[in-house]
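Engineer: Input structure: my_file.txt, which contains compact mmCIF, C-alpha atoms.
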```txt
# COMPACT_ATOMS: atom_id res chain seq x y z
CA MET A 220 14.87 -2.15 -13.26
CA ASN A 221 11.63 -4.07 -13.71
CA ARG A 222 10.67 -5.97 -16.85
CA GLN A 223 7.22 -7.52 -17.25
CA LYS A 224 6.16 -10.09 -19.85
CA SER A 225 2.46 -10.01 -19.14
CA PHE A 226 1.40 -13.34 -20.58
CA GLU A 227 4.30 -15.58 -19.61
CA GLU A 228 3.99 -18.06 -16.73
CA HIS A 229 4.63 -16.49 -13.32
CA SER A 230 5.07 -17.95 -9.85
CA CYS A 231 2.70 -15.32 -8.46
CA GLY A 232 -0.75 -14.16 -9.46
CA THR A 233 -1.65 -11.30 -11.80
CA LEU A 234 -3.31 -8.02 -10.90
CA TYR A 235 -5.81 -7.09 -13.63
CA LEU A 236 -7.00 -3.48 -13.87
CA VAL A 237 -10.47 -3.91 -15.33
CA ALA A 238 -12.40 -0.99 -16.79
CA THR A 239 -16.12 -0.92 -16.03
CA PRO A 240 -18.89 1.10 -17.73
CA ILE A 241 -19.24 4.76 -16.78
CA GLY A 242 -23.01 4.70 -17.24
CA ASN A 243 -24.09 2.49 -20.11
CA LEU A 244 -23.65 -1.20 -19.27
CA GLU A 245 -23.30 -2.01 -22.98
CA ASP A 246 -19.83 -0.45 -22.84
CA ILE A 247 -18.31 -3.35 -20.92
CA THR A 248 -15.96 -5.44 -23.05
CA MET A 249 -16.10 -9.17 -23.70
CA ARG A 250 -12.58 -9.46 -22.30
CA ALA A 251 -13.59 -7.68 -19.09
CA ILE A 252 -16.45 -10.12 -18.55
CA ARG A 253 -14.14 -13.08 -19.13
CA ILE A 254 -11.46 -11.80 -16.74
CA LEU A 255 -14.02 -11.05 -14.03
CA LYS A 256 -15.31 -14.61 -14.33
CA GLU A 257 -11.85 -16.19 -14.27
CA VAL A 258 -10.02 -14.37 -11.46
CA SER A 259 -9.78 -15.67 -7.90
CA LEU A 260 -10.95 -12.40 -6.41
CA ILE A 261 -12.50 -9.07 -7.40
CA ALA A 262 -11.42 -6.00 -5.40
CA ALA A 263 -13.97 -3.20 -5.71
CA GLU A 264 -14.15 0.41 -4.60
CA ASP A 265 -17.86 -0.02 -3.75
CA THR A 266 -18.94 -3.65 -3.45
CA ARG A 267 -22.64 -2.76 -3.64
CA GLN A 268 -22.19 -0.97 -6.96
CA THR A 269 -19.96 -3.69 -8.38
CA ARG A 270 -22.32 -6.45 -7.26
CA LYS A 271 -25.03 -4.96 -9.49
CA LEU A 272 -22.65 -5.10 -12.46
CA LEU A 273 -21.61 -8.68 -11.71
CA SER A 274 -25.23 -9.75 -11.34
CA ARG A 275 -26.13 -8.20 -14.70
CA PHE A 276 -23.51 -10.35 -16.45
CA GLU A 277 -23.98 -13.45 -14.28
CA ILE A 278 -20.53 -13.24 -12.71
CA ASP A 279 -20.23 -15.10 -9.41
CA GLY A 280 -16.74 -14.08 -8.29
CA ARG A 281 -15.60 -13.50 -4.72
CA LEU A 282 -15.89 -9.79 -3.97
CA VAL A 283 -13.91 -7.75 -1.42
CA SER A 284 -13.63 -4.02 -0.79
CA TYR A 285 -10.58 -1.88 -1.52
CA HIS A 286 -11.01 1.87 -1.17
CA GLU A 287 -9.39 5.01 0.22
CA HIS A 288 -10.46 4.35 3.80
CA ASN A 289 -9.35 0.71 4.08
CA LYS A 290 -6.40 0.53 1.69
CA ALA A 291 -3.83 0.55 4.51
CA ALA A 292 -5.19 -2.80 5.72
CA SER A 293 -6.68 -4.21 2.52
CA GLY A 294 -3.72 -3.41 0.25
CA PRO A 295 -1.12 -5.61 2.02
CA GLU A 296 -3.63 -8.47 2.19
CA LEU A 297 -4.26 -8.27 -1.57
CA ILE A 298 -0.50 -8.21 -2.21
CA ARG A 299 -0.10 -11.30 -0.01
CA LEU A 300 -2.77 -13.16 -1.99
CA LEU A 301 -1.14 -12.15 -5.28
CA GLU A 302 2.26 -13.37 -4.08
CA GLU A 303 0.66 -16.69 -3.11
CA GLY A 304 -0.67 -17.13 -6.65
CA SER A 305 -4.18 -15.68 -6.61
CA SER A 306 -5.29 -13.61 -9.60
CA ILE A 307 -7.15 -10.42 -8.69
CA ALA A 308 -9.27 -8.02 -10.74
CA LEU A 309 -9.31 -4.44 -9.47
CA VAL A 310 -12.33 -2.34 -10.44
CA SER A 311 -13.50 1.16 -9.56
CA ASP A 312 -17.10 2.35 -9.38
CA ALA A 313 -16.92 3.39 -13.02
CA GLY A 314 -14.23 3.64 -15.67
CA MET A 315 -10.56 2.76 -15.38
CA PRO A 316 -9.20 1.89 -11.93
CA ALA A 317 -6.01 3.58 -10.65
CA ILE A 318 -6.99 6.94 -12.18
CA SER A 319 -7.88 9.40 -9.40
CA ASP A 320 -8.54 6.50 -7.02
CA PRO A 321 -6.52 4.44 -4.51
CA GLY A 322 -5.92 1.70 -7.05
CA ALA A 323 -2.74 3.55 -8.01
CA ASP A 324 -1.25 2.68 -4.61
CA LEU A 325 -1.98 -1.02 -5.08
CA VAL A 326 -0.42 -0.94 -8.55
CA LYS A 327 2.72 0.72 -7.18
CA ASP A 328 3.07 -1.92 -4.46
CA ALA A 329 2.51 -4.75 -6.95
CA VAL A 330 5.10 -3.39 -9.38
CA GLU A 331 7.67 -3.02 -6.59
CA ARG A 332 7.22 -6.71 -5.76
CA GLY A 333 7.46 -7.91 -9.35
CA ILE A 334 3.79 -8.87 -9.58
CA PRO A 335 2.43 -8.62 -13.15
CA VAL A 336 -0.08 -5.79 -13.63
CA VAL A 337 -2.24 -6.15 -16.73
CA PRO A 338 -4.70 -3.55 -18.09
CA VAL A 339 -8.12 -4.56 -19.38
CA PRO A 340 -9.02 -1.27 -21.12
CA GLY A 341 -12.46 0.19 -21.58
CA ALA A 342 -14.56 3.24 -20.79
CA ASN A 343 -12.91 6.36 -19.40
CA ALA A 344 -14.82 9.56 -18.67
CA ALA A 345 -11.91 11.98 -19.19
CA LEU A 346 -10.98 10.67 -22.63
CA ALA A 347 -14.62 10.40 -23.68
CA ALA A 348 -15.11 14.05 -22.71
CA LEU A 349 -11.93 15.13 -24.50
CA ILE A 350 -12.85 13.61 -27.85
CA ILE A 351 -16.28 15.30 -27.96
CA SER A 352 -15.11 18.64 -26.52
CA GLY A 353 -14.08 20.18 -29.83
CA LEU A 354 -10.74 21.21 -28.28
CA PRO A 355 -7.28 20.04 -29.42
CA THR A 356 -6.56 16.39 -28.64
CA GLU A 357 -2.90 16.18 -29.76
CA ARG A 358 -1.61 17.07 -26.29
CA PHE A 359 -3.61 16.96 -23.09
CA MET A 360 -3.17 16.69 -19.34
CA PHE A 361 -5.53 14.99 -16.91
CA ALA A 362 -5.37 16.75 -13.54
CA GLY A 363 -8.04 14.89 -11.55
CA PHE A 364 -10.17 16.76 -9.01
CA PRO A 365 -9.24 20.38 -8.18
CA PRO A 366 -8.40 21.22 -4.54
CA ARG A 367 -11.33 22.41 -2.45
CA ASP A 368 -10.02 25.43 -0.56
CA LYS A 369 -9.65 28.70 -2.43
CA LYS A 370 -5.90 29.29 -1.98
CA SER A 371 -4.93 25.73 -2.87
CA LEU A 372 -7.16 25.90 -5.95
CA GLU A 373 -5.49 29.14 -7.06
CA ASN A 374 -1.99 27.68 -6.63
CA TRP A 375 -3.03 24.49 -8.39
CA LEU A 376 -4.32 26.45 -11.38
CA LEU A 377 -1.18 28.61 -11.44
CA GLY A 378 0.82 25.41 -11.83
CA LEU A 379 -1.22 24.60 -14.95
CA LYS A 380 -1.40 28.10 -16.43
CA ARG A 381 1.58 27.91 -18.79
CA LEU A 382 0.81 24.45 -20.19
CA ASP A 383 -0.18 24.54 -23.84
CA SER A 384 -1.96 21.19 -23.46
CA THR A 385 -5.72 20.80 -23.22
CA LEU A 386 -6.60 20.41 -19.53
CA LEU A 387 -9.00 17.81 -18.15
CA PHE A 388 -10.58 18.02 -14.68
CA TYR A 389 -13.30 16.20 -12.79
CA GLU A 390 -15.67 18.23 -10.64
CA SER A 391 -18.77 17.59 -8.55
CA PRO A 392 -22.11 19.33 -9.27
CA HIS A 393 -21.89 21.02 -5.87
CA ARG A 394 -18.56 22.71 -6.61
CA VAL A 395 -18.48 23.35 -10.34
CA ALA A 396 -20.10 26.80 -10.07
CA LYS A 397 -17.28 27.87 -7.68
CA THR A 398 -14.50 26.30 -9.71
CA LEU A 399 -15.26 28.06 -13.00
CA PRO A 400 -14.70 31.62 -11.68
CA ALA A 401 -11.34 30.49 -10.30
CA ILE A 402 -10.43 29.00 -13.69
CA ARG A 403 -11.31 32.28 -15.42
CA ALA A 404 -9.43 34.37 -12.85
CA VAL A 405 -6.20 32.38 -13.17
CA LEU A 406 -6.25 30.90 -16.69
CA GLY A 407 -8.30 33.56 -18.45
CA ASP A 408 -11.52 33.32 -20.42
CA ARG A 409 -10.46 30.33 -22.49
CA ARG A 410 -12.59 28.01 -24.56
CA MET A 411 -13.90 25.05 -22.62
CA ALA A 412 -16.49 22.29 -22.48
CA MET A 413 -18.53 21.05 -19.52
CA ILE A 414 -19.62 17.48 -20.06
CA ARG A 415 -21.81 15.42 -17.75
CA GLU A 416 -23.70 12.12 -17.57
CA LEU A 417 -21.48 10.55 -20.22
CA THR A 418 -23.06 7.50 -21.94
CA LYS A 419 -26.28 7.96 -19.93
CA LYS A 420 -29.72 9.11 -21.05
CA HIS A 421 -29.08 12.73 -20.02
CA GLU A 422 -25.58 13.04 -21.50
CA GLU A 423 -24.90 16.71 -22.16
CA ALA A 424 -22.04 18.86 -23.44
CA VAL A 425 -21.96 22.63 -22.94
CA ARG A 426 -19.28 24.34 -25.04
CA GLY A 427 -18.18 27.96 -25.02
CA THR A 428 -15.83 30.24 -23.12
CA VAL A 429 -15.37 29.93 -19.38
CA SER A 430 -17.55 33.00 -18.79
CA GLU A 431 -20.27 31.63 -21.07
CA CYS A 432 -20.25 28.37 -19.13
CA GLU A 433 -20.47 30.34 -15.87
CA GLN A 434 -23.53 32.12 -17.23
CA TRP A 435 -25.07 28.80 -18.24
CA LEU A 436 -24.63 27.45 -14.71
CA GLU A 437 -26.36 30.52 -13.28
CA GLU A 438 -29.41 29.68 -15.39
CA ASN A 439 -29.29 25.87 -15.15
CA GLU A 440 -28.87 23.73 -12.05
CA PRO A 441 -25.70 21.61 -12.30
CA LEU A 442 -26.57 17.91 -12.13
CA GLY A 443 -24.27 14.90 -12.23
CA GLU A 444 -20.49 14.66 -12.14
CA TYR A 445 -18.74 16.98 -14.62
CA CYS A 446 -15.73 16.57 -16.85
CA LEU A 447 -14.26 20.01 -17.49
CA VAL A 448 -12.15 20.31 -20.63
CA VAL A 449 -10.23 23.59 -20.86
CA GLU A 450 -8.15 24.96 -23.72
CA GLY A 451 -4.39 25.07 -23.11
CA ALA A 452 -2.31 28.24 -22.92
CA ASP A 453 -1.68 30.28 -26.05
CA GLU A 454 1.84 31.44 -26.92
CA ASP A 455 1.55 34.66 -24.91
CA GLN A 456 0.28 32.90 -21.80
CA ALA A 457 2.91 30.18 -22.06
CA ALA A 458 5.69 32.78 -22.20
CA GLU A 459 4.38 35.39 -19.75
CA GLN A 460 6.22 34.10 -16.69
CA GLY A 461 9.27 32.05 -15.87
CA PRO A 462 9.33 28.57 -14.40
CA PRO A 463 7.95 28.08 -10.86
CA TRP A 464 10.41 28.64 -8.00
CA TRP A 465 10.36 24.95 -7.08
CA GLU A 466 11.29 23.66 -10.54
CA GLY A 467 14.25 21.30 -10.22
CA LEU A 468 13.58 20.48 -6.57
CA SER A 469 12.65 17.00 -5.42
CA LEU A 470 9.44 16.57 -3.44
CA GLU A 471 11.46 16.33 -0.22
CA GLU A 472 13.44 19.50 -1.04
CA HIS A 473 10.22 21.31 -1.99
CA ALA A 474 8.50 20.43 1.31
CA SER A 475 11.66 21.25 3.27
CA LYS A 476 11.63 24.82 1.90
CA TYR A 477 8.26 25.38 3.57
CA GLU A 478 9.46 23.75 6.80
CA GLU A 479 12.45 26.12 6.81
CA GLN A 480 9.90 28.96 6.75
CA GLY A 481 8.34 27.59 9.94
CA GLU A 482 5.51 25.55 8.45
CA PRO A 483 4.64 22.26 10.20
CA ARG A 484 5.25 19.10 8.18
CA LYS A 485 1.57 18.57 7.40
CA GLU A 486 1.15 22.10 6.04
CA ALA A 487 4.41 21.85 4.08
CA ILE A 488 3.10 18.72 2.35
CA ARG A 489 -0.24 20.40 1.61
CA LYS A 490 1.47 23.43 0.04
CA THR A 491 3.86 21.24 -1.96
CA ALA A 492 0.91 19.30 -3.37
CA ALA A 493 -0.96 22.50 -4.23
CA ASP A 494 2.10 24.00 -5.98
CA ARG A 495 2.48 20.96 -8.20
CA GLY A 496 -1.18 20.26 -8.85
CA LEU A 497 -0.95 16.91 -7.06
CA GLN A 498 -3.16 15.17 -4.52
CA LYS A 499 -1.90 15.69 -0.96
CA ARG A 500 -2.09 11.96 -0.20
CA ASP A 501 0.11 11.16 -3.20
CA VAL A 502 2.82 13.58 -2.02
CA TYR A 503 2.56 12.20 1.52
CA ASN A 504 2.82 8.59 0.34
CA GLU A 505 5.82 9.38 -1.86
CA LEU A 506 7.66 11.18 0.96
CA MET A 507 6.94 8.34 3.37
CA ARG A 508 8.72 5.94 0.98
CA LYS A 509 12.00 7.82 1.31
```
Here is a file; write its structure as structure tokens.
Structural biologist:
Amino acid sequence: MNRQKSFEEHSCGTLYLVATPIGNLEDITMRAIRILKEVSLIAAEDTRQTRKLLSRFEIDGRLVSYHEHNKAASGPELIRLLEEGSSIALVSDAGMPAISDPGADLVKDAVERGIPVVPVPGANAALAALIISGLPTERFMFAGFPPRDKKSLENWLLGLKRLDSTLLFYESPHRVAKTLPAIRAVLGDRRMAMIRELTKKHEEAVRGTVSECEQWLEENEPLGEYCLVVEGADEDQAAEQGPPWWEGLSLEEHASKYEEQGEPRKEAIRKTAADRGLQKRDVYNELMRK
């Protein structure tokens, strides 16, 4: 049990999750600027990118790096500073930290140690794409970046096929033309929107069916990071198959089933992640906590 009263006095510092603009610097909030000026330390995914933002708003805070490749060393040090009373702002390159980035690991560690974690909301590419997509917004699921290899991508999409929620993905310009045929093959020729360069000069939304968007990509070079917004399953799709075989299993039980079939631990974790539409590192980290 963990109860947090965000704005009461605490013996430790506070971890602020500060949203930064996703393209247009005017989207930063007054509160974000104030917090970035007041904290003891700013932990950034890319210090060069963040330094430009800080310079634009005349913020002279101490800046350190925290990213996927140094989190094993940097994370414990940030936790130590928080426990000693330092306040820290965590920022990503753009948008909300801890969404599809290693900030989620730092948040988990802070929560486990009773350190207050406070959001400073702002721009978010997935939600911005959703609200202009023209697709239902009542229920939606953000699924991050699709897996790269073909089989994992197919299994990942199969795990999403029966959901009647609007689906949100991120995809790179180098992979989007390969991802759309997989979406059509597994999910069907649903309505979708491809949205790129949100809040920037070349912001663009392409709306249609999956096959129409495939055709558009054949005629137009994909540029910029994409948000893919895909219609959820209709009643027939939602009912066409039963629950996945692993439903009801814990992550450990799920991975163990593959190990019983002779798969090495690493491959069992990869397949478990693909089945559930999760990032492999998240499954690994969760299993290592057991």
Engineer: Enter the distance from CA of Glu486 in chain A to CA of His473 in chain A, in Å, rounded to one decimal.
Structural biologist: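 Between CA of Glu486 in chain A and CA of His473 in chain A the gap works out to 12.1 Å.
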Engineer: Please list as a list in words every residue within 12 Å of Asp501 in chain A, counting only C-alpha atoms and excluding residues in the same chain fewer than 2 positions away.
Structural biologist: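 My list of contacting residues is Glu287, Ser319, Asp320, Pro321, Gly322, Ala323, Asp324, Lys327, Leu470, Ile488, Arg489, Thr491, Ala492, Ala493, Arg495, Gly496, Leu497, Gln498, Lys499, Tyr503, Asn504, Glu505, Leu506, Met507 and Arg508 of chain A.
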Engineer: For the selection just defined, write its residues with C-alpha atoms to a file, as a PDB file, in the coordinates of the input.
Structural biologist:
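The result, stored in again-v4.pdb:
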```
ATOM      1  CA  GLU A 287      -9.390   5.010   0.220  1.00  0.00           C
ATOM      2  CA  SER A 319      -7.880   9.400  -9.400  1.00  0.00           C
ATOM      3  CA  ASP A 320      -8.540   6.500  -7.020  1.00  0.00           C
ATOM      4  CA  PRO A 321      -6.520   4.440  -4.510  1.00  0.00           C
ATOM      5  CA  GLY A 322      -5.920   1.700  -7.050  1.00  0.00           C
ATOM      6  CA  ALA A 323      -2.740   3.550  -8.010  1.00  0.00           C
ATOM      7  CA  ASP A 324      -1.250   2.680  -4.610  1.00  0.00           C
ATOM      8  CA  LYS A 327       2.720   0.720  -7.180  1.00  0.00           C
ATOM      9  CA  LEU A 470       9.440  16.570  -3.440  1.00  0.00           C
ATOM     10  CA  ILE A 488       3.100  18.720   2.350  1.00  0.00           C
ATOM     11  CA  ARG A 489      -0.240  20.400   1.610  1.00  0.00           C
ATOM     12  CA  THR A 491       3.860  21.240  -1.960  1.00  0.00           C
ATOM     13  CA  ALA A 492       0.910  19.300  -3.370  1.00  0.00           C
ATOM     14  CA  ALA A 493      -0.960  22.500  -4.230  1.00  0.00           C
ATOM     15  CA  ARG A 495       2.480  20.960  -8.200  1.00  0.00           C
ATOM     16  CA  GLY A 496      -1.180  20.260  -8.850  1.00  0.00           C
ATOM     17  CA  LEU A 497      -0.950  16.910  -7.060  1.00  0.00           C
ATOM     18  CA  GLN A 498      -3.160  15.170  -4.520  1.00  0.00           C
ATOM     19  CA  LYS A 499      -1.900  15.690  -0.960  1.00  0.00           C
ATOM     20  CA  TYR A 503       2.560  12.200   1.520  1.00  0.00           C
ATOM     21  CA  ASN A 504       2.820   8.590   0.340  1.00  0.00           C
ATOM     22  CA  GLU A 505       5.820   9.380  -1.860  1.00  0.00           C
ATOM     23  CA  LEU A 506       7.660  11.180   0.960  1.00  0.00           C
ATOM     24  CA  MET A 507       6.940   8.340   3.370  1.00  0.00           C
ATOM     25  CA  ARG A 508       8.720   5.940   0.980  1.00  0.00           C
TER      26      ARG A 508
END
```
Engineer: Quick one: residues within 10 Å of His393 in chain A, all atoms listed in the file counted, chain neighbours fewer than 6 positions away excluded, as a ChimeraX atom specification?
Structural biologist: /A:440-444
Engineer: Would you mind exporting the chosen residues as a tab-separated table (two decimals), in the coordinates of the input, restricted to C-alpha atoms?
Structural biologist:
```tsv
chain	number	residue	atom	x	y	z
A	440	GLU	CA	-28.87	23.73	-12.05
A	441	PRO	CA	-25.70	21.61	-12.30
A	442	LEU	CA	-26.57	17.91	-12.13
A	443	GLY	CA	-24.27	14.90	-12.23
A	444	GLU	CA	-20.49	14.66	-12.14
```
Engineer: Can you pull out the residues contacting Val237 in chain A? Cut-off 8 Å, using all atoms listed in the file, and skip same-chain residues under 2 positions away; I want them as a VMD selection string.
Structural biologist: chain A and resid 235 239 251 308 to 310 315 to 316 338 to 341
Engineer: Write out as an mmCIF file with C-alpha atoms, in the coordinates of the input which residues come within 12 Å of Glu228 in chain A when counting only C-alpha atoms, dropping same-chain ones fewer than 5 positions away.
Structural biologist:
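The result, stored in around_11.cif:
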```cif
data_model
loop_
_atom_site.group_PDB
_atom_site.id
_atom_site.type_symbol
_atom_site.label_atom_id
_atom_site.label_comp_id
_atom_site.auth_asym_id
_atom_site.auth_seq_id
_atom_site.Cartn_x
_atom_site.Cartn_y
_atom_site.Cartn_z
ATOM 1 C CA GLN A 223 7.220 -7.520 -17.250
ATOM 2 C CA THR A 233 -1.650 -11.300 -11.800
ATOM 3 C CA GLY A 304 -0.670 -17.130 -6.650
ATOM 4 C CA ILE A 334 3.790 -8.870 -9.580
ATOM 5 C CA PRO A 335 2.430 -8.620 -13.150
#
```
Engineer: Please report the interatomic distance between CA of Ala345 in chain A and CA of Met249 in chain A in Å with one decimal.
Structural biologist: 22.0 Å
